[in-house]
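Undergrad: So here's protein.cif (mmCIF, C-alpha atoms).
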```cif
data_target
#
loop_
_atom_site.group_PDB
_atom_site.id
_atom_site.type_symbol
_atom_site.label_atom_id
_atom_site.label_comp_id
_atom_site.auth_asym_id
_atom_site.auth_seq_id
_atom_site.Cartn_x
_atom_site.Cartn_y
_atom_site.Cartn_z
ATOM 1 C CA MET D 1 116.858 53.011 227.693
ATOM 2 C CA THR D 2 116.550 54.620 231.082
ATOM 3 C CA LYS D 3 114.591 57.759 231.696
ATOM 4 C CA LYS D 4 117.799 59.675 232.453
ATOM 5 C CA ASN D 5 119.375 58.751 229.098
ATOM 6 C CA ARG D 6 116.237 59.246 227.016
ATOM 7 C CA ARG D 7 116.502 61.673 224.124
ATOM 8 C CA PRO D 8 114.072 64.616 224.444
ATOM 9 C CA MET D 9 111.427 64.709 221.750
ATOM 10 C CA TYR D 10 111.923 67.067 218.815
ATOM 11 C CA LEU D 11 108.436 68.568 219.018
ATOM 12 C CA TRP D 12 108.792 69.312 222.738
ATOM 13 C CA THR D 13 112.193 70.899 222.074
ATOM 14 C CA VAL D 14 110.810 73.211 219.391
ATOM 15 C CA LEU D 15 107.637 74.143 221.270
ATOM 16 C CA THR D 16 109.577 75.006 224.439
ATOM 17 C CA ASN D 17 112.270 76.929 222.514
ATOM 18 C CA ARG D 18 115.158 74.705 223.535
ATOM 19 C CA CYS D 19 118.562 74.354 221.927
ATOM 20 C CA PRO D 20 118.326 71.819 219.083
ATOM 21 C CA ARG D 21 121.821 70.443 219.763
ATOM 22 C CA CYS D 22 121.456 69.474 223.439
ATOM 23 C CA ARG D 23 117.679 69.934 223.744
ATOM 24 C CA GLU D 24 118.147 71.313 227.247
ATOM 25 C CA GLY D 25 119.266 74.949 227.111
ATOM 26 C CA LYS D 26 116.804 77.747 226.489
ATOM 27 C CA ILE D 27 117.604 79.789 223.399
ATOM 28 C CA PHE D 28 115.668 82.918 224.401
ATOM 29 C CA VAL D 29 116.738 85.202 227.228
ATOM 30 C CA THR D 30 113.212 85.462 228.626
ATOM 31 C CA GLU D 31 110.473 82.847 228.865
ATOM 32 C CA ASN D 32 107.711 85.407 228.318
ATOM 33 C CA ALA D 33 106.839 85.840 224.642
ATOM 34 C CA TYR D 34 104.820 88.941 225.541
ATOM 35 C CA ASP D 35 107.767 90.821 227.070
ATOM 36 C CA PHE D 36 107.914 93.072 224.022
ATOM 37 C CA LYS D 37 111.314 94.590 224.813
ATOM 38 C CA ASN D 38 113.021 91.212 225.101
ATOM 39 C CA ASN D 39 110.780 88.683 223.356
ATOM 40 C CA LEU D 40 113.207 88.040 220.471
ATOM 41 C CA LYS D 41 116.477 88.431 222.389
ATOM 42 C CA MET D 42 118.414 85.212 222.198
ATOM 43 C CA HIS D 43 121.444 83.953 224.046
ATOM 44 C CA GLU D 44 124.560 84.293 221.924
ATOM 45 C CA LYS D 45 125.287 80.662 222.762
ATOM 46 C CA CYS D 46 123.243 77.938 224.405
ATOM 47 C CA PRO D 47 123.801 78.243 228.166
ATOM 48 C CA VAL D 48 124.069 74.440 228.464
ATOM 49 C CA CYS D 49 126.129 73.185 225.499
ATOM 50 C CA GLY D 50 127.618 76.366 224.000
ATOM 51 C CA GLN D 51 125.951 76.013 220.584
ATOM 52 C CA PRO D 52 125.920 79.415 218.816
ATOM 53 C CA THR D 53 122.372 80.566 218.109
ATOM 54 C CA GLU D 54 123.334 82.830 215.215
ATOM 55 C CA ILE D 55 125.042 80.790 212.541
ATOM 56 C CA GLU D 56 125.671 83.669 210.136
ATOM 57 C CA VAL D 57 124.689 87.267 209.573
ATOM 58 C CA GLY D 58 121.011 87.509 208.668
ATOM 59 C CA PHE D 59 120.411 83.870 209.611
ATOM 60 C CA TYR D 60 116.918 84.525 210.956
ATOM 61 C CA TYR D 61 115.588 86.347 207.878
ATOM 62 C CA GLY D 62 114.319 82.978 206.666
ATOM 63 C CA THR D 63 112.016 82.730 209.657
ATOM 64 C CA SER D 64 109.599 85.092 207.943
ATOM 65 C CA TYR D 65 108.666 82.229 205.611
ATOM 66 C CA VAL D 66 108.247 79.851 208.536
ATOM 67 C CA SER D 67 106.109 82.372 210.413
ATOM 68 C CA TYR D 68 104.001 82.888 207.303
ATOM 69 C CA ALA D 69 103.473 79.122 206.959
ATOM 70 C CA LEU D 70 102.508 78.853 210.636
ATOM 71 C CA THR D 71 99.957 81.648 210.382
ATOM 72 C CA VAL D 72 98.482 80.221 207.170
ATOM 73 C CA ALA D 73 98.198 76.801 208.827
ATOM 74 C CA TYR D 74 96.533 78.424 211.853
ATOM 75 C CA THR D 75 94.115 80.321 209.599
ATOM 76 C CA VAL D 76 93.172 77.163 207.699
ATOM 77 C CA ALA D 77 92.727 75.269 210.975
ATOM 78 C CA THR D 78 90.451 77.952 212.455
ATOM 79 C CA PHE D 79 88.481 78.125 209.208
ATOM 80 C CA VAL D 80 87.882 74.360 209.178
ATOM 81 C CA ALA D 81 87.095 74.280 212.901
ATOM 82 C CA TRP D 82 84.639 77.186 212.560
ATOM 83 C CA TRP D 83 83.005 75.547 209.546
ATOM 84 C CA VAL D 84 82.633 72.165 211.264
ATOM 85 C CA LEU D 85 81.557 73.487 214.672
ATOM 86 C CA LEU D 86 79.507 76.578 213.799
ATOM 87 C CA GLY D 87 79.068 76.513 210.037
ATOM 88 C CA PHE D 88 78.958 79.255 207.445
ATOM 89 C CA LYS D 89 75.650 80.409 206.064
ATOM 90 C CA LEU D 90 74.978 82.468 202.989
ATOM 91 C CA TYR D 91 72.747 85.132 204.552
ATOM 92 C CA ASP D 92 74.329 85.798 207.936
ATOM 93 C CA ASN D 93 77.583 87.368 209.089
ATOM 94 C CA SER D 94 79.319 84.140 210.118
ATOM 95 C CA ILE D 95 82.239 84.706 207.708
ATOM 96 C CA ILE D 96 82.732 88.208 209.153
ATOM 97 C CA TYR D 97 82.706 86.794 212.691
ATOM 98 C CA TRP D 98 85.331 84.216 211.689
ATOM 99 C CA LEU D 99 87.485 86.871 209.991
ATOM 100 C CA VAL D 100 87.393 89.044 213.113
ATOM 101 C CA PHE D 101 88.085 86.062 215.389
ATOM 102 C CA ASN D 102 90.956 84.890 213.196
ATOM 103 C CA GLY D 103 92.466 88.368 212.874
ATOM 104 C CA VAL D 104 92.335 89.079 216.600
ATOM 105 C CA THR D 105 93.775 85.706 217.580
ATOM 106 C CA LEU D 106 96.534 86.036 214.968
ATOM 107 C CA LEU D 107 97.522 89.385 216.490
ATOM 108 C CA ILE D 108 97.489 87.921 219.981
ATOM 109 C CA LEU D 109 99.468 84.821 218.958
ATOM 110 C CA GLN D 110 102.043 86.624 216.811
ATOM 111 C CA PRO D 111 104.800 86.771 219.486
ATOM 112 C CA PRO D 112 104.666 82.999 220.147
ATOM 113 C CA PHE D 113 104.534 82.357 216.384
ATOM 114 C CA MET D 114 107.675 84.474 215.867
ATOM 115 C CA ARG D 115 109.543 82.609 218.608
ATOM 116 C CA LEU D 116 108.329 79.250 217.342
ATOM 117 C CA SER D 117 109.465 80.085 213.815
ATOM 118 C CA ARG D 118 112.958 80.950 215.103
ATOM 119 C CA SER D 119 113.103 77.751 217.110
ATOM 120 C CA LEU D 120 112.010 75.705 214.085
ATOM 121 C CA TRP D 121 114.446 77.480 211.756
ATOM 122 C CA LEU D 122 117.395 76.877 214.079
ATOM 123 C CA SER D 123 116.420 73.225 214.544
ATOM 124 C CA TRP D 124 116.531 72.656 210.782
ATOM 125 C CA PHE D 125 120.169 73.772 210.608
ATOM 126 C CA VAL D 126 121.483 72.450 213.929
ATOM 127 C CA LYS D 127 120.862 68.769 214.568
ATOM 128 C CA TYR D 128 120.604 66.928 217.860
ATOM 129 C CA ASP D 129 123.931 65.564 219.064
ATOM 130 C CA PRO D 130 123.615 62.752 221.621
ATOM 131 C CA ASP D 131 127.322 63.210 222.475
ATOM 132 C CA TRP D 132 127.101 66.964 223.007
ATOM 133 C CA LYS D 133 128.724 66.679 226.466
ATOM 134 C CA GLU D 134 131.903 65.210 224.960
ATOM 135 C CA LYS D 135 132.067 67.323 221.781
ATOM 136 C CA LYS D 136 132.594 71.048 221.514
ATOM 137 C CA ALA D 137 130.038 73.057 219.536
ATOM 138 C CA ILE D 138 131.000 74.135 216.019
ATOM 139 C CA GLU D 139 132.252 77.713 215.717
ATOM 140 C CA TYR D 140 130.853 79.108 212.494
ATOM 141 C CA GLU D 141 133.111 81.109 210.176
ATOM 142 C CA ARG D 142 130.507 83.431 208.674
ATOM 143 C CA VAL D 143 129.635 85.161 211.946
ATOM 144 C CA VAL D 144 130.532 88.838 212.022
ATOM 145 C CA LYS D 145 130.508 89.992 215.658
ATOM 146 C CA GLU D 146 129.781 93.609 214.694
ATOM 147 C CA GLN D 147 126.587 92.545 212.913
ATOM 148 C CA MET D 148 125.200 90.306 215.675
ATOM 149 C CA ASN D 149 121.588 91.104 216.602
ATOM 150 C CA ASN D 150 121.584 93.921 214.046
ATOM 151 C CA TRP D 151 117.998 93.689 212.802
#
```
Could you render the structure from this file as C-alpha cells?
TA:
Amino acid sequence: MTKKNRRPMYLWTVLTNRCPRCREGKIFVTENAYDFKNNLKMHEKCPVCGQPTEIEVGFYYGTSYVSYALTVAYTVATFVAWWVLLGFKLYDNSIIYWLVFNGVTLLILQPPFMRLSRSLWLSWFVKYDPDWKEKKAIEYERVVKEQMNNW
C-alpha cells in the first residue's frame, strides 16, 4: 500500500476533528477550540466529501455522555499520576492540591473535550468509506433545516 493510498488512522482523525467518512475534511469551522464565539460551530457538510455533520435534530445531545466519560477518565488519570509521582499523605494538603489542579485543568481543557466528544460521537455513527470519492454522501431524512444548530 503506497503512502498516497494509505487510510488515515482513526485516532488521528478523531483527535484532529476530521470528517469520519473521508478522514480529510475538517468538521469545525475554526481550528481554535478557545475561540468561544465559534468553537462549536460546525460545517453543515464536510468541505471535502459532502458528508452531513448533523444527522438528525438533537444529534449532538448524546455528546454530553461522551464528554462526561472523557472528563472522568482525565480525572482518574490525573489522580493516579499524582499518587504515583507525588503521593498522598494523611496529614498534609496533597489531596486539596490535586483537587485544585484537577479542577483548574478541567476548566481549561473543557473546550477541547467538547470538540473531541463531538468528533467521537460523529465517528461512531458515520463510518470511514474508502470509496468516498466515487460515492455520494447519504442525505438523512430526519434533518429539519429550521432546527439546524438550534441549541
Undergrad: For the file shown, report as an MDAnalysis selection string the outcome of the PyMOL selection byres ((chain D and resi 72-85) around 9) at residue level.
TA: chainID D and resid 67:71 86:88 98:99 101:103 106
Undergrad: With C-alpha atoms kept, could you save the residues just selected as a short mmCIF file (atom, residue, chain, number, x, y, z; two decimals), in the frame of the given file?
TA:
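As a result, again_26.cif now contains:
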```
data_model
loop_
_atom_site.label_atom_id
_atom_site.label_comp_id
_atom_site.auth_asym_id
_atom_site.auth_seq_id
_atom_site.Cartn_x
_atom_site.Cartn_y
_atom_site.Cartn_z
CA SER D 67 106.11 82.37 210.41
CA TYR D 68 104.00 82.89 207.30
CA ALA D 69 103.47 79.12 206.96
CA LEU D 70 102.51 78.85 210.64
CA THR D 71 99.96 81.65 210.38
CA LEU D 86 79.51 76.58 213.80
CA GLY D 87 79.07 76.51 210.04
CA PHE D 88 78.96 79.26 207.44
CA TRP D 98 85.33 84.22 211.69
CA LEU D 99 87.48 86.87 209.99
CA PHE D 101 88.08 86.06 215.39
CA ASN D 102 90.96 84.89 213.20
CA GLY D 103 92.47 88.37 212.87
CA LEU D 106 96.53 86.04 214.97
#
```
Undergrad: For D:Glu139, which residue among D:Ser117, D:Phe28, D:Ile55, D:Thr13 is the nearest when counting all atoms listed in the file?
TA: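 Between D:Ser117, D:Phe28, D:Ile55, D:Thr13, the residue approaching D:Glu139 most closely is D:Ile55.
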Undergrad: Mind working out the centre and edge lengths of an axis-aligned box for stretch 95-112 of chain D, all listed atoms inside, 6 Å added to each side, rounded to one decimal in Å and written as JSON?
TA:
```
{"center_x": 93.5, "center_y": 86.2, "center_z": 213.9, "size_x": 34.6, "size_y": 18.4, "size_z": 24.4}
```
Undergrad: How far is it from atom CA of D:Arg23 to atom CA of D:Pro8, in Å with one decimal?
TA: 6.5 Å
Undergrad: From the set D:Asn32, D:Thr63, D:Asn38, D:Thr105, which residue has the shortest atom-to-atom contact distance to D:Ser119, counting all atoms listed in the file?
TA: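 Residue with the minimum atom-to-atom distance to D:Ser119: D:Thr63.
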Undergrad: Expand the PyMOL selection byres ((chain D and resi 111) around 10) into the explicit residue set it covers here, and present it as a PyMOL selection string.
TA: chain D and resi 32-36+39-40+106-110+112-117
Undergrad: By how many Å are atom CA of D:Trp121 and atom CA of D:Leu15 apart?
TA: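 Taking atom CA of D:Trp121 and atom CA of D:Leu15, their separation equals 12.2 Å.
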